[in-house]
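Asks: So that you have it, the file is coords.cif, and it contains mmCIF, C-alpha atoms:
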```
data_data
loop_
_atom_site.label_atom_id
_atom_site.label_comp_id
_atom_site.auth_asym_id
_atom_site.auth_seq_id
_atom_site.Cartn_x
_atom_site.Cartn_y
_atom_site.Cartn_z
CA MET A 63 220.12 -8.98 -103.44
CA ASN A 64 219.46 -6.41 -100.73
CA THR A 65 218.44 -2.83 -101.48
CA ARG A 66 220.75 0.05 -100.59
CA LYS A 67 218.50 0.84 -97.58
CA GLN A 68 218.76 -2.77 -96.37
CA GLN A 69 222.53 -2.64 -96.78
CA LEU A 70 222.78 0.56 -94.75
CA ASP A 71 220.40 -0.83 -92.11
CA SER A 72 222.57 -3.95 -91.70
CA PHE A 73 225.70 -1.82 -91.37
CA ASN A 74 223.97 0.34 -88.76
CA ARG A 75 223.00 -2.86 -86.93
CA LEU A 76 226.66 -3.89 -86.83
CA LEU A 77 227.65 -0.48 -85.44
CA ASP A 78 225.00 -0.80 -82.70
CA ILE A 79 226.23 -4.28 -81.78
CA MET A 80 229.81 -3.00 -81.65
CA ASP A 81 228.69 -0.26 -79.24
CA ASP A 82 227.05 -2.89 -77.02
CA LEU A 83 230.06 -5.21 -77.05
CA ARG A 84 232.51 -2.45 -76.25
CA GLU A 85 230.39 -1.36 -73.31
CA LYS A 86 229.30 -4.71 -71.87
CA CYS A 87 231.61 -7.55 -72.94
CA PRO A 88 234.72 -8.06 -70.73
CA TRP A 89 236.83 -9.32 -73.65
CA ASP A 90 235.79 -6.64 -76.13
CA LYS A 91 236.30 -3.90 -73.53
CA LYS A 92 239.94 -4.91 -73.06
CA GLN A 93 240.95 -4.82 -76.73
CA THR A 94 243.29 -2.19 -78.18
CA LEU A 95 244.50 -1.37 -81.66
CA LYS A 96 247.63 -3.43 -81.00
CA SER A 97 245.87 -6.41 -79.44
CA LEU A 98 243.60 -6.74 -82.48
CA ARG A 99 246.43 -6.50 -85.02
CA HIS A 100 247.49 -10.16 -85.13
CA LEU A 101 243.85 -11.26 -85.18
CA THR A 102 243.17 -9.02 -88.17
CA ILE A 103 246.14 -10.51 -90.02
CA GLU A 104 244.81 -13.99 -89.26
CA GLU A 105 241.34 -13.08 -90.53
CA THR A 106 242.86 -11.67 -93.73
CA TYR A 107 244.66 -14.95 -94.40
CA GLU A 108 241.47 -16.90 -93.72
CA LEU A 109 239.70 -14.75 -96.30
CA GLY A 110 242.54 -15.41 -98.71
CA ASP A 111 242.15 -19.17 -98.19
CA ALA A 112 238.42 -18.97 -98.89
CA ILE A 113 239.05 -17.01 -102.08
CA LEU A 114 241.60 -19.55 -103.32
CA ASP A 115 239.12 -22.36 -102.55
CA ASN A 116 236.38 -20.38 -104.37
CA ASP A 117 234.11 -21.07 -101.38
CA LEU A 118 231.59 -18.25 -101.70
CA GLN A 119 229.80 -18.98 -98.43
CA GLU A 120 233.11 -18.98 -96.57
CA ILE A 121 234.14 -15.76 -98.35
CA LYS A 122 230.93 -14.13 -97.10
CA LYS A 123 231.68 -15.28 -93.55
CA GLU A 124 235.31 -14.13 -93.61
CA LEU A 125 234.39 -10.75 -95.09
CA GLY A 126 232.08 -10.31 -92.12
CA ASP A 127 234.91 -11.12 -89.72
CA LEU A 128 237.16 -8.60 -91.44
CA LEU A 129 234.44 -5.96 -91.49
CA LEU A 130 233.98 -6.46 -87.75
CA HIS A 131 237.65 -5.64 -87.24
CA ILE A 132 237.35 -2.44 -89.27
CA VAL A 133 234.35 -1.37 -87.20
CA PHE A 134 236.21 -2.36 -84.02
CA TYR A 135 239.24 -0.20 -84.87
CA ALA A 136 236.97 2.72 -85.73
CA LYS A 137 235.11 2.33 -82.42
CA ILE A 138 238.40 2.45 -80.48
CA GLY A 139 239.43 5.52 -82.48
CA SER A 140 236.18 7.27 -81.60
CA GLU A 141 236.77 6.71 -77.87
CA THR A 142 239.92 8.84 -78.04
CA ASN A 143 238.26 11.36 -80.39
CA ASP A 144 240.85 10.62 -83.09
CA PHE A 145 238.50 9.19 -85.75
CA ASP A 146 235.28 7.25 -86.16
CA ILE A 147 233.76 5.08 -88.87
CA ALA A 148 232.50 8.12 -90.80
CA ASP A 149 236.04 9.52 -90.91
CA VAL A 150 237.30 6.16 -92.15
CA CYS A 151 234.69 6.03 -94.92
CA ASN A 152 235.17 9.67 -95.94
CA GLU A 153 238.94 9.25 -96.03
CA ILE A 154 238.79 6.39 -98.52
CA CYS A 155 236.03 8.09 -100.54
CA ASP A 156 238.09 11.26 -100.88
CA LYS A 157 241.17 9.26 -101.89
CA LEU A 158 239.28 7.24 -104.49
CA ILE A 159 237.82 10.36 -106.05
CA HIS A 160 241.20 12.11 -106.10
CA ARG A 161 243.01 9.11 -107.60
CA HIS A 162 240.39 8.46 -110.29
CA PRO A 163 240.47 11.72 -112.27
CA HIS A 164 239.45 9.71 -115.36
CA ILE A 165 236.12 9.10 -113.59
CA TYR A 166 235.65 12.23 -111.48
CA GLY A 167 237.66 14.65 -113.60
CA ASP A 168 238.63 15.36 -117.20
CA VAL A 169 241.62 12.99 -117.50
CA VAL A 170 241.44 10.46 -120.35
CA VAL A 171 243.09 7.05 -120.05
CA ALA A 172 243.57 4.40 -122.71
CA ASP A 173 243.72 1.30 -120.54
CA GLU A 174 244.35 -0.28 -117.14
CA GLU A 175 248.10 0.41 -117.32
CA GLU A 176 247.57 4.15 -117.66
CA VAL A 177 245.25 4.06 -114.64
CA LYS A 178 248.02 2.41 -112.57
CA GLN A 179 250.64 4.88 -113.79
CA ASN A 180 248.43 7.87 -112.95
CA TRP A 181 247.75 6.36 -109.51
CA GLU A 182 251.47 6.21 -108.68
CA LYS A 183 252.10 9.71 -110.05
CA LEU A 184 249.29 11.14 -107.94
CA LYS A 185 250.72 9.48 -104.83
CA LEU A 186 254.06 11.19 -105.45
CA LYS A 187 252.28 14.53 -105.87
CA GLU A 188 250.63 13.94 -102.48
CA GLY A 189 254.06 14.18 -100.85
CA LYS A 190 255.38 10.64 -100.91
CA LYS A 191 259.12 10.62 -101.59
CA SER A 192 259.16 7.15 -103.14
CA VAL A 193 256.67 4.96 -104.96
CA LEU A 194 257.82 2.18 -102.63
CA GLU A 195 256.60 3.94 -99.48
CA GLY A 196 253.23 2.25 -99.90
CA VAL A 197 254.69 -1.25 -99.55
CA PRO A 198 254.17 -2.38 -95.92
CA LYS A 199 257.38 -3.42 -94.17
CA SER A 200 255.68 -6.38 -92.49
CA LEU A 201 254.41 -8.03 -95.68
CA PRO A 202 255.63 -11.59 -96.25
CA ALA A 203 258.70 -11.49 -98.47
CA LEU A 204 257.07 -13.13 -101.50
CA VAL A 205 254.10 -10.77 -101.45
CA LYS A 206 256.38 -7.80 -100.80
CA ALA A 207 258.54 -8.63 -103.83
CA SER A 208 255.44 -8.79 -106.01
CA ARG A 209 254.18 -5.43 -104.73
CA ILE A 210 257.61 -3.81 -105.18
CA GLN A 211 257.67 -4.89 -108.81
CA ASP A 212 254.13 -3.64 -109.40
CA LYS A 213 255.01 -0.28 -107.89
CA VAL A 214 258.15 0.37 -109.95
CA LYS A 215 256.36 -0.79 -113.09
CA GLY A 216 253.86 2.02 -112.49
CA VAL A 217 256.58 4.60 -113.15
CA GLY A 218 258.06 2.78 -116.14
CA PHE A 219 260.88 0.81 -114.48
CA ASP A 220 260.25 -2.52 -116.13
CA TRP A 221 261.33 -5.01 -118.76
CA GLU A 222 259.76 -4.75 -122.19
CA GLU A 223 259.37 -8.42 -123.16
CA PRO A 224 258.85 -11.68 -121.22
CA HIS A 225 261.89 -13.30 -122.81
CA GLN A 226 264.11 -10.61 -121.26
CA VAL A 227 262.81 -11.55 -117.82
CA TRP A 228 263.36 -15.25 -118.50
CA ASP A 229 266.92 -14.49 -119.59
CA LYS A 230 267.39 -12.74 -116.24
CA VAL A 231 266.06 -15.83 -114.43
CA GLN A 232 268.61 -17.97 -116.26
CA GLU A 233 271.38 -15.51 -115.42
CA GLU A 234 270.47 -15.58 -111.73
CA LEU A 235 270.31 -19.40 -111.73
CA ASN A 236 273.80 -19.58 -113.19
CA GLU A 237 275.10 -17.17 -110.56
CA LEU A 238 273.47 -19.27 -107.85
CA GLN A 239 275.14 -22.43 -109.15
CA GLU A 240 278.51 -20.71 -109.14
CA GLU A 241 278.11 -19.77 -105.46
CA VAL A 242 276.88 -23.28 -104.60
CA LYS A 243 280.10 -24.66 -106.09
CA ALA A 244 282.14 -22.08 -104.15
CA GLY A 245 280.35 -23.04 -100.92
CA ASN A 246 279.88 -19.52 -99.54
CA HIS A 247 276.61 -19.77 -97.62
CA ASP A 248 276.03 -16.01 -97.34
CA LYS A 249 276.46 -15.52 -101.10
CA ILE A 250 274.33 -18.60 -101.81
CA GLU A 251 271.51 -17.06 -99.80
CA GLY A 252 271.88 -13.76 -101.65
CA GLU A 253 271.82 -15.41 -105.07
CA PHE A 254 268.91 -17.64 -104.06
CA GLY A 255 266.98 -14.50 -103.17
CA ASP A 256 267.83 -13.03 -106.58
CA VAL A 257 266.47 -16.17 -108.27
CA LEU A 258 263.20 -15.93 -106.33
CA PHE A 259 262.87 -12.21 -107.07
CA SER A 260 263.42 -12.76 -110.80
CA MET A 261 260.95 -15.67 -110.84
CA ILE A 262 258.32 -13.50 -109.18
CA ASN A 263 258.99 -10.88 -111.83
CA TYR A 264 258.57 -13.51 -114.56
CA ALA A 265 255.27 -14.60 -113.00
CA ARG A 266 254.02 -11.04 -113.39
CA PHE A 267 254.77 -11.13 -117.11
CA LEU A 268 252.89 -14.43 -117.35
CA LYS A 269 249.98 -12.79 -115.49
CA VAL A 270 250.32 -15.33 -112.69
CA ASN A 271 250.02 -14.30 -109.05
CA PRO A 272 253.05 -16.01 -107.44
CA GLU A 273 251.48 -16.14 -103.99
CA ASP A 274 248.35 -17.83 -105.35
CA ALA A 275 250.45 -20.18 -107.48
CA LEU A 276 252.60 -21.27 -104.55
CA GLU A 277 249.61 -21.69 -102.23
CA ARG A 278 247.90 -23.77 -104.90
CA THR A 279 250.94 -26.05 -104.95
CA ASN A 280 250.99 -26.14 -101.12
CA LYS A 281 247.38 -27.31 -101.07
CA LYS A 282 248.07 -29.89 -103.76
CA PHE A 283 251.07 -31.26 -101.88
CA ILE A 284 249.17 -31.42 -98.57
CA LYS A 285 246.30 -33.31 -100.21
CA ARG A 286 248.62 -35.85 -101.83
CA PHE A 287 250.76 -36.33 -98.74
CA MET A 288 247.71 -36.89 -96.54
CA TYR A 289 246.54 -39.51 -99.04
CA LEU A 290 249.95 -41.15 -98.73
CA GLU A 291 249.62 -41.11 -94.93
CA SER A 292 246.15 -42.65 -95.07
CA LYS A 293 247.32 -45.45 -97.37
CA ALA A 294 250.31 -46.18 -95.13
CA SER A 295 247.92 -46.38 -92.19
CA GLU A 296 245.67 -48.81 -94.10
CA ILE A 297 248.54 -51.25 -94.60
CA GLY A 298 249.74 -50.72 -91.04
CA LYS A 299 253.18 -49.48 -92.01
CA PRO A 300 254.63 -46.19 -90.68
CA LEU A 301 255.97 -43.86 -93.37
CA SER A 302 259.36 -43.92 -91.65
CA ASP A 303 259.56 -47.68 -92.36
CA MET A 304 258.63 -47.35 -96.04
CA THR A 305 261.10 -46.94 -98.88
CA LEU A 306 260.80 -44.02 -101.27
CA SER A 307 259.76 -46.48 -103.98
CA GLU A 308 256.91 -47.76 -101.83
CA MET A 309 255.78 -44.26 -101.00
CA ASP A 310 255.98 -43.25 -104.66
CA VAL A 311 253.33 -45.84 -105.57
CA PHE A 312 250.77 -44.12 -103.37
CA TRP A 313 252.01 -40.69 -104.42
CA GLU A 314 251.32 -41.51 -108.07
CA GLU A 315 247.87 -42.79 -107.06
CA ALA A 316 247.21 -39.46 -105.33
CA LYS A 317 248.24 -37.58 -108.47
CA ARG A 318 245.84 -39.63 -110.60
CA LEU A 319 243.03 -38.96 -108.14
#
```
As structure tokens, what does this structure read like?
Replies:
Amino acid sequence: MNTRKQQLDSFNRLLDIMDDLREKCPWDKKQTLKSLRHLTIEETYELGDAILDNDLQEIKKELGDLLLHIVFYAKIGSETNDFDIADVCNEICDKLIHRHPHIYGDVVVADEEEVKQNWEKLKLKEGKKSVLEGVPKSLPALVKASRIQDKVKGVGFDWEEPHQVWDKVQEELNELQEEVKAGNHDKIEGEFGDVLFSMINYARFLKVNPEDALERTNKKFIKRFMYLESKASEIGKPLSDMTLSEMDVFWEEAKRL
């Protein structure tokens, strides 16, 4: 592994390259905070994919892409004299020190849960009116639900036992079935959302990340379906001309593989 000096030298190299690109490259010169936003989101998802695949070389590459974006934003901020990379680093350092009084102060904590609870309490003392203010509005709904539940748990708003959460899932499923029978689409959608929210809550009690779990299933389905497509191609028969029974043969093969 690199020494701290080598790490700092490499970061300084990146800052120098960013200076060059911003001054000389036509594309880089045109970029703004807003124009980079969707690209940053894309890079974050690519990093997430690499993590789920446990591809360490790809993780290294995607971390570099994300780090470039952070440096890029800081460079743009420095051009308007609003902030630079040192301000960005100092801001997070100050926040980490302030929110870890059990490390940098005299607070004693028993476990991880107390650390999380103290974190949320400190945020409220900093002037936030709600523990939910830190949940980004633009998060995908599934991720947002998970973060909401984590946040309220930090201040004690939570179930005590997993079986209570499962009972809630069952209750929501029953309510969904009632609305399905009634045929009211708006209420069906509302109850379906309640089912998903309660399932996400149950996943938390099982210590399962629902986003990771669903993406794992997505990848599994894609792999099996592509196998099905390849087998259909081998026998020269379009999927649209195959019966479900015929397709199921290859699907079961894919599962065994």
Asks: Distance cut-off 12 Å, centre (257.3, -13.0, -112.7) in file coordinates, counting all atoms listed in the file: which residues qualify? Return them as a ChimeraX atom specification.
Replies: /A:204-205,207-212,220-221,223-231,257-273,275
Asks: Could you jot down the CA of Phe312 in chain A to CA of Ile297 in chain A separation for me, Å, one decimal place?
Replies: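 Those two atoms sit 11.5 Å apart.
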Asks: Convert the output of the PyMOL selection byres ((chain A and resi 131-146) around 10) on the shown file into explicit residues, formatted as a list in words.
Replies: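 Evaluating the PyMOL selection byres ((chain A and resi 131-146) around 10) on this file yields Phe73, Leu76, Leu77, Met80, Asp81, Leu83, Arg84, Asp90, Lys91, Gln93, Thr94, Leu95, Lys96, Leu98, Arg99, Leu101, Thr102, Glu105, Leu125, Gly126, Asp127, Leu128, Leu129, Leu130, Ile147, Ala148, Asp149, Val150 and Cys151 of chain A.
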Asks: One decimal, in Å: what's the spacing between CA of Leu158 in chain A and CA of Glu182 in chain A?
Replies: 12.9 Å
Asks: With all atoms of range 225-230 of chain A from the file as input, state the centre and edge lengths in Å to one decimal of the axis-aligned box that has 3 Å extra on each side, as AutoDock Vina command-line options.
Replies:
```
--center_x 264.6 --center_y -12.9 --center_z -119.5 --size_x 11.5 --size_y 10.6 --size_z 12.6
```
Asks: Do you have the CA of Gly298 in chain A-CA of Val311 in chain A distance handy?
Replies: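 For CA of Gly298 in chain A relative to CA of Val311 in chain A, the distance reads 15.7 Å.
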Asks: Could you tell me which of A:Gly255, A:Arg318, A:Val217, A:Asp303 comes closest to Ala203 in chain A if we count all atoms listed in the file?
Replies: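 Looking at the shortest contact to Ala203 in chain A, the residue is A:Gly255.
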Asks: Name the residues that the PyMOL selection byres ((chain A and resi 164) around 12) picks from the file above, as a list in words, using the file's chain letters and numbers.
Replies: Leu158, Ile159, His160, Arg161, His162, Pro163, Ile165, Tyr166, Gly167, Asp168, Val169, Val170, Val171, Ala172, Asp173, Glu174, Glu176, Val177, Lys178, Asn180 and Trp181 of chain A
Asks: For Gly216 in chain A, which residue among A:Leu201, A:Leu109, A:Leu186, A:Leu238 is the nearest when counting all atoms listed in the file?
Replies: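 Closest candidate: A:Leu186.
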Asks: From the set A:Glu240, A:Glu277, A:Asp82, A:Asp71, which residue has the shortest atom-to-atom contact distance to Asp115 in chain A, counting all atoms listed in the file?
Replies: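 Under the stated criterion, the closest residue is A:Glu277.
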